[in-house]
$ cat run_32.txt   # compact mmCIF, C-alpha atoms
# COMPACT_ATOMS: atom_id res chain seq x y z
CA MET A 1 -156.71 9.84 -9.08
CA ALA A 2 -156.60 12.67 -6.58
CA THR A 3 -156.68 15.56 -9.05
CA THR A 4 -157.93 16.12 -12.55
CA THR A 5 -156.12 19.39 -13.22
CA LEU A 6 -152.52 20.47 -13.54
CA LEU A 7 -150.84 21.87 -10.47
CA GLY A 8 -148.27 24.58 -9.75
CA ALA A 9 -145.73 25.51 -12.41
CA ASP A 10 -147.23 22.99 -14.84
CA VAL A 11 -150.25 25.28 -15.34
CA GLU A 12 -148.02 28.06 -16.68
CA LEU A 13 -146.02 25.57 -18.74
CA ALA A 14 -149.23 24.19 -20.28
CA GLY A 15 -150.37 27.69 -21.27
CA GLU A 16 -147.01 28.38 -22.87
CA PHE A 17 -147.18 25.08 -24.77
CA ALA A 18 -150.65 25.85 -26.18
CA ARG A 19 -149.45 29.26 -27.37
CA LYS A 20 -146.27 27.92 -28.99
CA HIS A 21 -148.19 25.06 -30.57
CA ARG A 22 -150.42 27.59 -32.35
CA GLU A 23 -147.29 29.41 -33.57
CA LEU A 24 -145.84 26.12 -34.79
CA VAL A 25 -148.96 25.23 -36.79
CA GLN A 26 -149.05 28.73 -38.30
CA GLU A 27 -145.39 28.47 -39.31
CA ILE A 28 -145.91 25.06 -40.94
CA HIS A 29 -148.86 26.49 -42.88
CA SER A 30 -146.57 29.13 -44.35
CA VAL A 31 -145.25 26.27 -46.50
CA ILE A 32 -147.90 23.55 -46.37
CA VAL A 33 -151.33 24.30 -47.83
CA GLY A 34 -154.26 22.73 -45.97
CA GLN A 35 -153.78 19.27 -44.38
CA ASP A 36 -154.93 20.55 -40.97
CA ARG A 37 -155.86 17.08 -39.74
CA ILE A 38 -152.55 15.58 -40.92
CA ILE A 39 -150.49 18.30 -39.22
CA GLY A 40 -152.54 18.01 -36.02
CA GLU A 41 -152.15 14.23 -35.82
CA LEU A 42 -148.44 14.40 -36.65
CA LEU A 43 -147.77 16.94 -33.90
CA THR A 44 -149.89 14.96 -31.42
CA ALA A 45 -147.75 11.87 -32.04
CA LEU A 46 -144.55 13.89 -31.76
CA PHE A 47 -145.35 15.54 -28.41
CA ALA A 48 -146.75 12.25 -27.05
CA ARG A 49 -143.32 10.75 -27.78
CA GLY A 50 -144.71 8.31 -30.34
CA HIS A 51 -144.04 7.63 -34.02
CA ALA A 52 -146.30 7.95 -37.05
CA LEU A 53 -147.01 5.85 -40.14
CA ILE A 54 -148.34 7.94 -43.03
CA ILE A 55 -150.21 6.22 -45.85
CA GLY A 56 -150.83 8.09 -49.07
CA VAL A 57 -150.12 8.12 -52.79
CA PRO A 58 -147.01 9.92 -54.10
CA GLY A 59 -147.05 13.68 -54.61
CA LEU A 60 -148.98 14.73 -51.50
CA ALA A 61 -146.09 16.71 -49.95
CA LYS A 62 -145.20 14.12 -47.28
CA THR A 63 -141.47 14.83 -47.59
CA LEU A 64 -142.03 18.60 -47.69
CA LEU A 65 -144.17 18.38 -44.56
CA VAL A 66 -141.49 16.53 -42.60
CA LYS A 67 -138.69 18.82 -43.81
CA THR A 68 -140.76 21.87 -42.83
CA LEU A 69 -141.47 20.35 -39.42
CA ALA A 70 -137.74 19.71 -38.91
CA GLN A 71 -136.98 23.35 -39.77
CA THR A 72 -139.59 24.72 -37.36
CA LEU A 73 -138.12 22.54 -34.61
CA GLY A 74 -134.46 23.12 -35.48
CA TRP A 75 -133.86 19.36 -35.64
CA ASP A 76 -131.41 17.24 -37.60
CA PHE A 77 -133.41 15.64 -40.42
CA LYS A 78 -132.58 12.53 -42.47
CA ARG A 79 -134.60 10.94 -45.24
CA ILE A 80 -134.02 7.23 -45.81
CA GLN A 81 -135.33 5.77 -49.06
CA PHE A 82 -136.16 2.15 -48.30
CA THR A 83 -135.37 -0.27 -51.12
CA PRO A 84 -135.29 -4.10 -51.44
CA ASP A 85 -131.48 -4.17 -51.22
CA LEU A 86 -131.20 -1.95 -48.12
CA MET A 87 -129.36 -3.67 -45.26
CA PRO A 88 -129.78 -2.94 -41.52
CA SER A 89 -126.26 -1.50 -41.33
CA ASP A 90 -127.15 0.96 -44.09
CA ILE A 91 -129.47 2.75 -41.67
CA THR A 92 -127.96 2.01 -38.25
CA GLY A 93 -124.27 2.31 -39.12
CA THR A 94 -121.36 -0.11 -39.33
CA GLU A 95 -117.94 -0.90 -37.87
CA ILE A 96 -114.97 -0.11 -40.14
CA LEU A 97 -111.26 -0.69 -39.68
CA GLN A 98 -109.28 2.55 -39.46
CA THR A 99 -105.65 3.46 -38.77
CA ASP A 100 -105.04 5.82 -35.86
CA PRO A 101 -102.78 8.58 -37.32
CA ALA A 102 -101.16 9.21 -33.91
CA THR A 103 -100.24 5.63 -32.97
CA GLY A 104 -100.39 3.82 -36.29
CA GLN A 105 -102.60 1.16 -34.72
CA ARG A 106 -105.58 -0.21 -36.60
CA VAL A 107 -108.82 0.01 -34.65
CA MET A 108 -112.47 -0.67 -35.30
CA THR A 109 -114.52 2.51 -35.46
CA PHE A 110 -118.31 2.78 -35.56
CA VAL A 111 -119.58 5.03 -38.33
CA LYS A 112 -123.09 6.23 -37.51
CA GLY A 113 -125.83 5.71 -40.06
CA PRO A 114 -128.64 8.10 -41.01
CA LEU A 115 -130.74 6.81 -38.11
CA PHE A 116 -128.68 9.07 -35.82
CA ALA A 117 -130.81 12.16 -36.33
CA ASN A 118 -133.73 13.74 -34.48
CA LEU A 119 -136.30 13.42 -37.26
CA ILE A 120 -136.33 10.45 -39.63
CA LEU A 121 -138.43 10.09 -42.76
CA ALA A 122 -138.51 6.35 -43.53
CA ASP A 123 -139.81 6.58 -47.09
CA GLU A 124 -141.74 3.53 -48.38
CA ILE A 125 -140.86 1.35 -45.40
CA ASN A 126 -142.75 -1.58 -46.92
CA ARG A 127 -140.27 -1.80 -49.81
CA THR A 128 -137.44 -3.15 -47.65
CA PRO A 129 -137.07 -6.71 -46.26
CA PRO A 130 -138.27 -7.56 -42.72
CA LYS A 131 -134.72 -7.67 -41.33
CA THR A 132 -134.15 -4.00 -42.20
CA GLN A 133 -137.65 -3.04 -41.05
CA ALA A 134 -136.92 -4.71 -37.71
CA ALA A 135 -133.69 -2.72 -37.26
CA LEU A 136 -135.63 0.54 -37.61
CA LEU A 137 -138.45 -0.57 -35.35
CA GLU A 138 -136.02 -1.71 -32.64
CA ALA A 139 -134.44 1.75 -32.65
CA MET A 140 -137.91 3.33 -32.42
CA GLN A 141 -138.76 1.27 -29.37
CA GLU A 142 -135.46 1.21 -27.50
CA TYR A 143 -133.83 4.48 -28.69
CA THR A 144 -130.61 2.50 -29.11
CA VAL A 145 -128.59 0.81 -31.87
CA THR A 146 -126.43 -2.27 -31.28
CA SER A 147 -123.40 -3.00 -33.47
CA ALA A 148 -120.63 -5.54 -32.87
CA GLY A 149 -121.78 -6.01 -29.29
CA HIS A 150 -121.75 -2.29 -28.48
CA THR A 151 -124.87 -0.25 -27.73
CA TYR A 152 -125.14 3.31 -29.01
CA HIS A 153 -127.84 5.68 -27.77
CA LEU A 154 -129.82 7.75 -30.23
CA ALA A 155 -130.11 11.50 -29.68
CA THR A 156 -133.36 12.74 -28.19
CA PRO A 157 -135.88 13.95 -29.10
CA PHE A 158 -136.29 11.20 -31.71
CA PHE A 159 -139.26 10.96 -34.05
CA VAL A 160 -139.82 8.57 -36.95
CA MET A 161 -142.34 9.18 -39.69
CA ALA A 162 -142.62 6.20 -42.02
CA THR A 163 -144.55 6.27 -45.28
CA GLN A 164 -146.34 3.60 -47.28
CA ASN A 165 -147.77 3.74 -50.79
CA PRO A 166 -151.23 2.12 -50.66
CA ILE A 167 -151.56 1.48 -54.40
CA GLU A 168 -148.38 -0.49 -55.11
CA HIS A 169 -148.01 -4.03 -53.79
CA GLU A 170 -145.54 -5.70 -56.16
CA GLY A 171 -142.10 -6.03 -54.58
CA THR A 172 -143.26 -4.92 -51.13
CA TYR A 173 -142.91 -6.44 -47.68
CA PRO A 174 -146.00 -5.42 -45.66
CA LEU A 175 -145.29 -4.68 -42.00
CA PRO A 176 -146.53 -7.49 -39.71
CA GLU A 177 -149.23 -6.52 -37.21
CA ALA A 178 -146.79 -6.79 -34.29
CA GLN A 179 -144.49 -4.25 -35.94
CA LEU A 180 -147.33 -1.98 -37.01
CA ASP A 181 -148.27 -1.82 -33.33
CA ARG A 182 -145.03 0.10 -32.65
CA PHE A 183 -146.45 3.13 -34.44
CA MET A 184 -148.63 5.35 -32.29
CA PHE A 185 -150.64 6.74 -35.22
CA SER A 186 -151.56 5.56 -38.69
CA ILE A 187 -152.30 8.73 -40.67
CA HIS A 188 -154.05 8.49 -44.03
CA ILE A 189 -153.53 11.37 -46.49
CA GLY A 190 -156.02 11.91 -49.30
CA TYR A 191 -156.05 14.21 -52.30
CA PRO A 192 -156.48 17.94 -51.59
CA GLY A 193 -159.72 19.74 -52.38
CA ARG A 194 -160.01 21.83 -55.55
CA GLU A 195 -159.34 25.18 -53.85
CA GLU A 196 -156.40 23.75 -51.90
CA GLU A 197 -154.91 22.25 -55.06
CA LEU A 198 -155.31 25.61 -56.81
CA ARG A 199 -153.33 27.29 -54.00
CA ILE A 200 -150.69 24.55 -54.04
CA VAL A 201 -150.08 24.93 -57.77
CA ASP A 202 -150.09 28.73 -57.55
CA GLU A 203 -147.63 28.89 -54.65
CA THR A 204 -145.23 26.16 -55.79
CA THR A 205 -144.73 27.25 -59.39
CA THR A 206 -142.99 30.52 -58.57
CA ALA A 207 -139.46 31.40 -57.49
CA ASP A 208 -140.60 32.42 -54.00
CA THR A 209 -139.42 30.18 -51.15
CA PRO A 210 -140.89 31.12 -47.76
CA ALA A 211 -138.43 31.34 -44.86
CA VAL A 212 -139.34 29.13 -41.91
CA ARG A 213 -138.65 30.17 -38.31
CA THR A 214 -137.61 27.79 -35.55
CA ILE A 215 -140.39 27.76 -32.93
CA PHE A 216 -139.27 25.09 -30.44
CA THR A 217 -135.81 24.17 -29.19
CA LYS A 218 -134.96 20.51 -28.61
CA GLU A 219 -134.92 21.13 -24.86
CA GLU A 220 -138.41 22.63 -24.99
CA VAL A 221 -139.77 19.64 -26.91
CA LEU A 222 -138.36 17.27 -24.28
CA GLN A 223 -139.85 19.48 -21.56
CA TYR A 224 -143.31 19.40 -23.14
CA GLN A 225 -143.10 15.65 -23.80
CA ALA A 226 -142.45 15.21 -20.08
CA LEU A 227 -145.36 17.55 -19.29
CA VAL A 228 -147.72 15.29 -21.25
CA ARG A 229 -146.87 12.42 -18.90
CA ARG A 230 -147.79 14.60 -15.90
CA VAL A 231 -151.20 15.60 -17.21
CA PRO A 232 -153.82 14.02 -14.89
CA VAL A 233 -156.74 12.05 -16.32
CA SER A 234 -160.16 11.48 -14.75
CA HIS A 235 -160.94 7.86 -13.95
CA HIS A 236 -163.97 7.78 -16.26
CA VAL A 237 -161.80 9.00 -19.19
CA LEU A 238 -159.32 6.18 -18.53
CA GLU A 239 -162.21 3.73 -18.42
CA TYR A 240 -163.58 5.03 -21.71
CA ALA A 241 -160.20 4.67 -23.47
CA ILE A 242 -159.83 1.10 -22.22
CA ASP A 243 -163.45 0.22 -23.08
CA LEU A 244 -162.95 1.56 -26.61
CA ALA A 245 -159.85 -0.57 -27.21
CA ARG A 246 -161.43 -3.68 -25.62
CA ALA A 247 -164.60 -3.26 -27.70
CA SER A 248 -162.53 -3.87 -30.85
CA ARG A 249 -161.56 -7.39 -29.73
CA PRO A 250 -163.76 -10.26 -30.93
CA GLU A 251 -164.88 -13.04 -28.61
CA VAL A 252 -164.24 -11.11 -25.38
CA GLU A 253 -166.92 -10.68 -22.75
CA GLY A 254 -169.57 -8.23 -23.95
CA ALA A 255 -168.16 -7.97 -27.50
CA ASP A 256 -170.54 -6.46 -30.05
CA ALA A 257 -172.02 -8.94 -32.54
CA PHE A 258 -170.70 -6.72 -35.36
CA VAL A 259 -167.13 -7.06 -34.02
CA ASN A 260 -167.48 -10.82 -33.60
CA GLU A 261 -168.72 -11.07 -37.17
CA TYR A 262 -166.16 -8.88 -38.95
CA VAL A 263 -162.97 -8.57 -36.87
CA GLU A 264 -160.12 -11.08 -36.88
CA TRP A 265 -157.92 -9.27 -34.35
CA GLY A 266 -158.61 -6.18 -32.28
CA ALA A 267 -156.43 -3.54 -30.65
CA GLY A 268 -154.11 -4.58 -27.81
CA PRO A 269 -153.21 -2.81 -24.56
CA ARG A 270 -150.75 -0.50 -26.33
CA ALA A 271 -153.77 1.04 -28.08
CA SER A 272 -155.26 1.91 -24.67
CA GLN A 273 -151.99 3.58 -23.68
CA TYR A 274 -151.81 5.59 -26.90
CA LEU A 275 -155.46 6.63 -26.65
CA VAL A 276 -154.70 8.18 -23.26
CA LEU A 277 -151.36 9.72 -24.28
CA GLY A 278 -152.88 11.12 -27.47
CA ALA A 279 -155.84 12.54 -25.53
CA LYS A 280 -153.48 14.16 -23.00
CA THR A 281 -151.42 15.78 -25.75
CA LEU A 282 -154.47 16.97 -27.68
CA ALA A 283 -155.94 18.48 -24.50
CA LEU A 284 -152.77 20.53 -23.94
CA MET A 285 -152.83 21.66 -27.57
CA ARG A 286 -156.43 22.82 -27.07
CA GLY A 287 -155.51 24.72 -23.91
CA LYS A 288 -157.27 22.29 -21.55
CA PRO A 289 -155.73 21.17 -18.23
CA SER A 290 -156.83 17.55 -18.67
CA PRO A 291 -158.47 15.45 -21.40
CA SER A 292 -162.12 14.50 -21.68
CA CYS A 293 -163.71 11.66 -23.63
CA ASP A 294 -163.90 14.08 -26.59
CA GLU A 295 -160.09 13.99 -26.92
CA VAL A 296 -160.10 10.19 -26.71
CA ARG A 297 -162.65 10.04 -29.54
CA ALA A 298 -160.58 12.49 -31.61
CA VAL A 299 -157.42 10.36 -31.48
CA ALA A 300 -159.21 7.00 -31.79
CA PRO A 301 -159.09 6.72 -35.63
CA PRO A 302 -155.30 7.17 -36.06
CA VAL A 303 -154.62 4.97 -33.01
CA LEU A 304 -156.94 2.11 -34.02
CA LEU A 305 -156.82 2.09 -37.85
CA HIS A 306 -153.72 -0.14 -38.08
CA ARG A 307 -154.58 -2.19 -34.99
CA ILE A 308 -157.92 -3.62 -36.14
CA LEU A 309 -157.62 -6.49 -38.61
CA PRO A 310 -160.85 -7.26 -40.52
CA ASN A 311 -161.52 -10.92 -41.22
CA TYR A 312 -162.15 -12.62 -44.54
CA LYS A 313 -165.88 -11.92 -44.44
CA ALA A 314 -165.31 -8.22 -43.83
CA THR A 315 -162.88 -8.05 -46.75
CA GLY A 316 -165.39 -9.77 -49.01
CA GLU A 317 -168.19 -7.40 -48.01
CA GLY A 318 -166.05 -4.26 -48.13
CA VAL A 319 -166.14 -3.57 -44.39
CA THR A 320 -163.08 -1.43 -43.57
CA PRO A 321 -161.27 -0.69 -40.28
CA ALA A 322 -162.52 2.91 -40.55
CA GLN A 323 -166.14 1.68 -40.65
CA ILE A 324 -165.51 -0.60 -37.66
CA ILE A 325 -164.02 2.31 -35.68
CA ALA A 326 -166.97 4.55 -36.58
CA ARG A 327 -169.32 1.90 -35.21
CA LEU A 328 -167.27 1.57 -32.01
CA LEU A 329 -167.44 5.33 -31.47
CA ARG A 330 -171.22 5.17 -31.81
CA THR A 331 -171.81 2.16 -29.58
CA VAL A 332 -169.24 2.40 -26.76
CA LYS A 333 -170.79 4.54 -24.04
CA GLU A 334 -168.96 6.91 -21.73
CA PRO A 335 -168.74 5.61 -18.14
CA ASP A 336 -170.51 7.64 -15.47
CA TYR A 337 -168.34 10.37 -13.97
CA LYS A 338 -167.74 9.55 -10.29
CA GLY A 339 -165.08 12.14 -9.49
CA LYS A 340 -162.35 9.57 -8.96

$ encode --input "run_32.txt" --output "structure tokens"
Amino acid sequence: MATTTLLGADVELAGEFARKHRELVQEIHSVIVGQDRIIGELLTALFARGHALIIGVPGLAKTLLVKTLAQTLGWDFKRIQFTPDLMPSDITGTEILQTDPATGQRVMTFVKGPLFANLILADEINRTPPKTQAALLEAMQEYTVTSAGHTYHLATPFFVMATQNPIEHEGTYPLPEAQLDRFMFSIHIGYPGREEELRIVDETTTADTPAVRTIFTKEEVLQYQALVRRVPVSHHVLEYAIDLARASRPEVEGADAFVNEYVEWGAGPRASQYLVLGAKTLALMRGKPSPSCDEVRAVAPPVLLHRILPNYKATGEGVTPAQIIARLLRTVKEPDYKGK
């Protein structure tokens, strides 16, 4: 790559993005207590033009976080509660027969479903059958919905945040690995600390409701998403991202004995792409003109957590994907910088 820094007008645009990102985080924190890592990872996925899967027990303000984010962005927001009886047409829309009042003719009209919004909260996505899951995931990938042979384009920007409850398994339909791979990030939310929980209870048991300002317009979000794609990356950073993803795959050349022993399936090429896109976005958020290996390491856990499948032995010995990722981050070395 000829350059490792932004050029021309993009430099000014990057500075503006970093400033507005700080405003956005501050505005979200006017409603959401703590959860700095969660907010950071969610915004990284959004500006990288990805989607996020959030895993956490009920009552951790997942819905409030997404609604607050929608308000700060001025986006249309829809929450879809996934249930076992939900059909694909319930989320994408359906064709209905209507009478044209002017002509009296009966025509088929497409009624858009809740998927036609900018920000979607797919609540408990693992509670709905695979056919309905697939309809959502197709829209996430293609930004289109097909009904009765007609293709309808979703409005952009378009961001899906799906949630899963990790403690309930009865009556659920776990997402297959190929469908999990469509999500850029897997974000795990834990319980708040004592001081944070004290603030949460204090601030949410009064009549006060903080007003939230809109920080970004839809056009600005699209502009900054395009800027992320133009951020240059040093060759050694690209190599490191690829090496990190490849190191998670068992039985490949040079695979670590630990990976061969405990991993059934590793991360595919899409993980390498998301490591780079996430690193680019995080660099802009930090006010840097291009990412380093530090940004790749920072986004590695949410990118890899749902892409590494431990084998039977790992499950029996309690070896988790998080532990495997931590080992990869310790053992995979940065390539030498050659100024490419």

$ residues_near_point --input "run_32.txt" --point "(-133.9, 8.6, -47.4)" --cutoff "7 Å" --atoms "all atoms listed in the file" --output "PyMOL selection string"
chain A and resi 78-82+121-123

$ write_last_selection --input "run_32.txt" --atoms "C-alpha atoms" --output "PDB file, keeping the file's coordinate frame"
ATOM      1  CA  LYS A  78    -132.580  12.530 -42.470  1.00  0.00           C
ATOM      2  CA  ARG A  79    -134.600  10.940 -45.240  1.00  0.00           C
ATOM      3  CA  ILE A  80    -134.020   7.230 -45.810  1.00  0.00           C
ATOM      4  CA  GLN A  81    -135.330   5.770 -49.060  1.00  0.00           C
ATOM      5  CA  PHE A  82    -136.160   2.150 -48.300  1.00  0.00           C
ATOM      6  CA  LEU A 121    -138.430  10.090 -42.760  1.00  0.00           C
ATOM      7  CA  ALA A 122    -138.510   6.350 -43.530  1.00  0.00           C
ATOM      8  CA  ASP A 123    -139.810   6.580 -47.090  1.00  0.00           C
TER       9      ASP A 123
END

$ closest_residue --input "run_32.txt" --among "A:Thr109, A:Thr63, A:Ser290, A:Thr128" --to "Glu95 of chain A" --atoms "all atoms listed in the file"
A:Thr109

$ closest_residue --input "run_32.txt" --among "A:Thr146, A:Thr94, A:Thr315, A:Ser234" --to "Ala279 of chain A" --atoms "only C-alpha atoms"
A:Ser234

$ atom_distance --input "run_32.txt" --atom1 "atom CA of Glu142 of chain A" --atom2 "atom CA of Leu115 of chain A"
12.9 Å

$ residues_near_point --input "run_32.txt" --point "(-149.2, -1.0, -34.3)" --cutoff "9 Å" --atoms "only C-alpha atoms" --output "list in words"
Pro176, Glu177, Ala178, Gln179, Leu180, Asp181, Arg182, Phe183, Met184, Phe185, Ser186, Ala267, Gly268, Arg270, Ala271, Val303, Leu304, Leu305, His306 and Arg307 of chain A

$ residues_around --input "run_32.txt" --residues "Pro130 of chain A" --least-positions-apart "3" --cutoff "9 Å" --atoms "all atoms listed in the file" --output "MDAnalysis selection string"
chainID A and resid 126 133:135 173:176

$ closest_residue --input "run_32.txt" --among "A:Phe110, A:Tyr191, A:Trp265, A:Trp75" --to "Arg246 of chain A" --atoms "only C-alpha atoms"
A:Trp265

$ closest_residue --input "run_32.txt" --among "A:Ala70, A:Ala298, A:Ala52, A:Ala226" --to "Leu137 of chain A" --atoms "all atoms listed in the file"
A:Ala52

$ atom_distance --input "run_32.txt" --atom1 "atom CA of Arg37 of chain A" --atom2 "atom CA of Leu65 of chain A"
12.7 Å

$ closest_residue --input "run_32.txt" --among "A:Arg199, A:His188, A:Arg106, A:Arg230" --to "Pro301 of chain A" --atoms "only C-alpha atoms"
A:His188

$ closest_residue --input "run_32.txt" --among "A:Glu261, A:Glu251, A:Glu334, A:Glu295" --to "Tyr312 of chain A" --atoms "all atoms listed in the file"
A:Glu261

$ residues_around --input "run_32.txt" --residues "Tyr262 of chain A" --least-positions-apart "4" --cutoff "12 Å" --atoms "all atoms listed in the file" --output "VMD selection string"
chain A and resid 248 to 251 255 to 258 266 308 to 321 323 to 325 327

$ atom_distance --input "run_32.txt" --atom1 "atom CA of Val228 of chain A" --atom2 "atom CA of Thr281 of chain A"
5.8 Å

$ residues_around --input "run_32.txt" --residues "segment 291-293 of chain A" --least-positions-apart "3" --cutoff "12 Å" --atoms "all atoms listed in the file" --output "MDAnalysis selection string"
chainID A and resid 4:6 228 231:244 275:288 296:300 329 332:337

$ build_atoms --input "run_32.txt" --residues "segment 183-205 of chain A" --atoms "N, CA and C atoms" --output "CSV table (one decimal), in the coordinates of the input"
chain,number,residue,atom,x,y,z
A,183,PHE,N,-146.1,1.8,-34.1
A,183,PHE,CA,-146.4,3.1,-34.4
A,183,PHE,C,-147.6,3.6,-33.6
A,184,MET,N,-147.5,4.8,-33.1
A,184,MET,CA,-148.6,5.4,-32.3
A,184,MET,C,-149.8,5.6,-33.2
A,185,PHE,N,-149.6,6.3,-34.3
A,185,PHE,CA,-150.6,6.7,-35.2
A,185,PHE,C,-150.4,6.1,-36.6
A,186,SER,N,-151.5,5.8,-37.3
A,186,SER,CA,-151.6,5.6,-38.7
A,186,SER,C,-152.4,6.7,-39.3
A,187,ILE,N,-151.7,7.5,-40.1
A,187,ILE,CA,-152.3,8.7,-40.7
A,187,ILE,C,-152.5,8.6,-42.2
A,188,HIS,N,-153.7,8.7,-42.6
A,188,HIS,CA,-154.0,8.5,-44.0
A,188,HIS,C,-154.2,9.9,-44.7
A,189,ILE,N,-153.5,10.1,-45.8
A,189,ILE,CA,-153.5,11.4,-46.5
A,189,ILE,C,-154.3,11.1,-47.8
A,190,GLY,N,-155.3,12.0,-48.0
A,190,GLY,CA,-156.0,11.9,-49.3
A,190,GLY,C,-155.7,13.1,-50.2
A,191,TYR,N,-156.3,13.1,-51.4
A,191,TYR,CA,-156.0,14.2,-52.3
A,191,TYR,C,-156.6,15.5,-51.7
A,192,PRO,N,-156.0,16.6,-52.1
A,192,PRO,CA,-156.5,17.9,-51.6
A,192,PRO,C,-157.8,18.3,-52.3
A,193,GLY,N,-158.5,19.2,-51.7
A,193,GLY,CA,-159.7,19.7,-52.4
A,193,GLY,C,-159.3,20.6,-53.5
A,194,ARG,N,-160.3,21.0,-54.4
A,194,ARG,CA,-160.0,21.8,-55.6
A,194,ARG,C,-159.3,23.2,-55.2
A,195,GLU,N,-159.9,23.9,-54.2
A,195,GLU,CA,-159.3,25.2,-53.8
A,195,GLU,C,-157.9,25.0,-53.3
A,196,GLU,N,-157.7,24.0,-52.5
A,196,GLU,CA,-156.4,23.8,-51.9
A,196,GLU,C,-155.4,23.4,-53.0
A,197,GLU,N,-155.8,22.6,-54.0
A,197,GLU,CA,-154.9,22.2,-55.1
A,197,GLU,C,-154.6,23.5,-55.9
A,198,LEU,N,-155.6,24.4,-56.1
A,198,LEU,CA,-155.3,25.6,-56.8
A,198,LEU,C,-154.2,26.4,-56.1
A,199,ARG,N,-154.3,26.5,-54.8
A,199,ARG,CA,-153.3,27.3,-54.0
A,199,ARG,C,-152.0,26.6,-54.1
A,200,ILE,N,-152.0,25.3,-54.0
A,200,ILE,CA,-150.7,24.6,-54.0
A,200,ILE,C,-150.0,24.8,-55.4
A,201,VAL,N,-150.7,24.7,-56.5
A,201,VAL,CA,-150.1,24.9,-57.8
A,201,VAL,C,-149.6,26.4,-57.9
A,202,ASP,N,-150.4,27.3,-57.5
A,202,ASP,CA,-150.1,28.7,-57.6
A,202,ASP,C,-148.8,29.1,-56.8
A,203,GLU,N,-148.7,28.5,-55.5
A,203,GLU,CA,-147.6,28.9,-54.6
A,203,GLU,C,-146.3,28.1,-54.9
A,204,THR,N,-146.4,27.0,-55.6
A,204,THR,CA,-145.2,26.2,-55.8
A,204,THR,C,-144.7,26.2,-57.2
A,205,THR,N,-145.2,27.1,-58.0
A,205,THR,CA,-144.7,27.2,-59.4
A,205,THR,C,-144.1,28.6,-59.6
